[in-house]
Amino acid sequence: MPVTDNTNFIQKEIIEAAKDIIHDKGYEAVTVRYLAEVTGYSYTNLYYYFKDVNALLWTLRLDMIEDMITELTSISLKKDDPVEEILGAFFCYTDYFFKHPNVFRFFYFYPFV
């Protein structure tokens, strides 16, 4: 698949829709047909951008990890004491998952194959 700005835009749009579904309903609700309904693309068109749901969810997981790294880095830059830095990162990480239990379930219980 040739990568163009439009391709990147549509992939990001699909990833964001899947992210919203996981936040609201859990990873079990992420299906190609439901994503097609939410995004307005045909379900067959989604296969142009992602090989299958696993490929989409793997890409989404990497995207979410990048978001978490950005947040954790911003916290660690504010600390002078390494112990405070570690505690800040720990509390940021756990607080995020307490606020977003469906994301926790996705990260640790989705059976990537």
# chains A, B, ... in the order shown; residues from 1 in each chain; ligands from 1

call {"tool": "select_by_dssp", "arguments": {"residues": "chain A", "states": "alpha helix (DSSP H)", "output": "number ranges by chain"}}
result
A: 5-25, 32-39, 43-49, 53-76, 82-99, 101-109

call {"tool": "residues_around", "arguments": {"residues": "A:Ile86", "least_positions_apart": "4", "cutoff": "12 Å", "atoms": "only C-alpha atoms", "output": "list in words"}}
result
Leu72, Thr73, Ile75, Ser76, Leu77, Lys78, Lys79, Asp80, Asp81, Pro82, Phe90, Phe91, Cys92 and Tyr93 of chain A

call {"tool": "closest_residue", "arguments": {"among": "A:Asp20, A:Glu37, A:Glu71, A:Val83", "to": "A:Asp95", "atoms": "only C-alpha atoms"}}
result
A:Glu71

call {"tool": "closest_residue", "arguments": {"among": "A:Tyr47, A:Ile10, A:Asp52, A:Ile22", "to": "A:Phe104", "atoms": "only C-alpha atoms"}}
result
A:Ile22

call {"tool": "closest_residue", "arguments": {"among": "A:Val32, A:Ile21, A:Val38, A:Ala89", "to": "A:Met68", "atoms": "only C-alpha atoms"}}
result
A:Ala89

call {"tool": "closest_residue", "arguments": {"among": "A:Glu66, A:Ala55, A:Tyr27, A:Ile14", "to": "A:Tyr43", "atoms": "only C-alpha atoms"}}
result
A:Ile14

call {"tool": "closest_residue", "arguments": {"among": "A:Val113, A:Ala17, A:Leu62, A:Val103", "to": "A:Thr39", "atoms": "only C-alpha atoms"}}
result
A:Ala17

call {"tool": "closest_residue", "arguments": {"among": "A:Glu84, A:Asp5, A:Tyr34, A:Asp24", "to": "A:Lys99", "atoms": "only C-alpha atoms"}}
result
A:Asp24

call {"tool": "decode", "arguments": {"residues": "stretch 17-39 of chain A", "atoms": "N, CA and C atoms", "output": "mmCIF file, in the first residue's frame"}}
result
data_model
loop_
_atom_site.group_PDB
_atom_site.id
_atom_site.type_symbol
_atom_site.label_atom_id
_atom_site.label_comp_id
_atom_site.auth_asym_id
_atom_site.auth_seq_id
_atom_site.Cartn_x
_atom_site.Cartn_y
_atom_site.Cartn_z
ATOM 1 N N ALA A 17 -11.027 6.104 16.124
ATOM 2 C CA ALA A 17 -12.353 5.510 16.325
ATOM 3 C C ALA A 17 -12.242 4.248 17.171
ATOM 4 N N ALA A 18 -11.240 3.414 16.885
ATOM 5 C CA ALA A 18 -11.033 2.197 17.677
ATOM 6 C C ALA A 18 -10.682 2.546 19.118
ATOM 7 N N LYS A 19 -9.891 3.591 19.301
ATOM 8 C CA LYS A 19 -9.524 4.042 20.648
ATOM 9 C C LYS A 19 -10.773 4.461 21.424
ATOM 10 N N ASP A 20 -11.653 5.206 20.775
ATOM 11 C CA ASP A 20 -12.905 5.627 21.423
ATOM 12 C C ASP A 20 -13.765 4.426 21.795
ATOM 13 N N ILE A 21 -13.833 3.447 20.901
ATOM 14 C CA ILE A 21 -14.628 2.244 21.179
ATOM 15 C C ILE A 21 -14.059 1.514 22.388
ATOM 16 N N ILE A 22 -12.743 1.367 22.451
ATOM 17 C CA ILE A 22 -12.128 0.683 23.593
ATOM 18 C C ILE A 22 -12.415 1.439 24.878
ATOM 19 N N HIS A 23 -12.263 2.744 24.865
ATOM 20 C CA HIS A 23 -12.542 3.540 26.069
ATOM 21 C C HIS A 23 -13.992 3.362 26.521
ATOM 22 N N ASP A 24 -14.925 3.367 25.574
ATOM 23 C CA ASP A 24 -16.352 3.334 25.908
ATOM 24 C C ASP A 24 -16.904 1.937 26.162
ATOM 25 N N LYS A 25 -16.466 0.957 25.356
ATOM 26 C CA LYS A 25 -17.122 -0.353 25.388
ATOM 27 C C LYS A 25 -16.176 -1.526 25.604
ATOM 28 N N GLY A 26 -14.877 -1.297 25.528
ATOM 29 C CA GLY A 26 -13.916 -2.378 25.672
ATOM 30 C C GLY A 26 -13.463 -2.918 24.330
ATOM 31 N N TYR A 27 -12.348 -3.648 24.363
ATOM 32 C CA TYR A 27 -11.766 -4.148 23.108
ATOM 33 C C TYR A 27 -12.651 -5.159 22.406
ATOM 34 N N GLU A 28 -13.526 -5.827 23.142
ATOM 35 C CA GLU A 28 -14.411 -6.817 22.522
ATOM 36 C C GLU A 28 -15.351 -6.186 21.496
ATOM 37 N N ALA A 29 -15.622 -4.903 21.649
ATOM 38 C CA ALA A 29 -16.551 -4.210 20.747
ATOM 39 C C ALA A 29 -15.890 -3.750 19.444
ATOM 40 N N VAL A 30 -14.567 -3.850 19.364
ATOM 41 C CA VAL A 30 -13.871 -3.405 18.153
ATOM 42 C C VAL A 30 -13.957 -4.505 17.102
ATOM 43 N N THR A 31 -14.850 -4.302 16.150
ATOM 44 C CA THR A 31 -14.983 -5.210 15.011
ATOM 45 C C THR A 31 -14.891 -4.370 13.742
ATOM 46 N N VAL A 32 -14.574 -5.016 12.654
ATOM 47 C CA VAL A 32 -14.456 -4.296 11.387
ATOM 48 C C VAL A 32 -15.794 -3.667 11.015
ATOM 49 N N ARG A 33 -16.861 -4.402 11.192
ATOM 50 C CA ARG A 33 -18.180 -3.858 10.818
ATOM 51 C C ARG A 33 -18.582 -2.676 11.703
ATOM 52 N N TYR A 34 -18.297 -2.768 13.004
ATOM 53 C CA TYR A 34 -18.638 -1.657 13.892
ATOM 54 C C TYR A 34 -17.760 -0.439 13.578
ATOM 55 N N LEU A 35 -16.483 -0.668 13.311
ATOM 56 C CA LEU A 35 -15.607 0.438 12.915
ATOM 57 C C LEU A 35 -16.094 1.090 11.623
ATOM 58 N N ALA A 36 -16.543 0.277 10.687
ATOM 59 C CA ALA A 36 -17.074 0.817 9.433
ATOM 60 C C ALA A 36 -18.290 1.699 9.712
ATOM 61 N N GLU A 37 -19.147 1.233 10.594
ATOM 62 C CA GLU A 37 -20.341 2.009 10.951
ATOM 63 C C GLU A 37 -19.948 3.337 11.598
ATOM 64 N N VAL A 38 -19.000 3.297 12.514
ATOM 65 C CA VAL A 38 -18.587 4.495 13.249
ATOM 66 C C VAL A 38 -17.843 5.488 12.350
ATOM 67 N N THR A 39 -16.973 4.975 11.479
ATOM 68 C CA THR A 39 -16.152 5.866 10.647
ATOM 69 C C THR A 39 -16.831 6.290 9.353
#
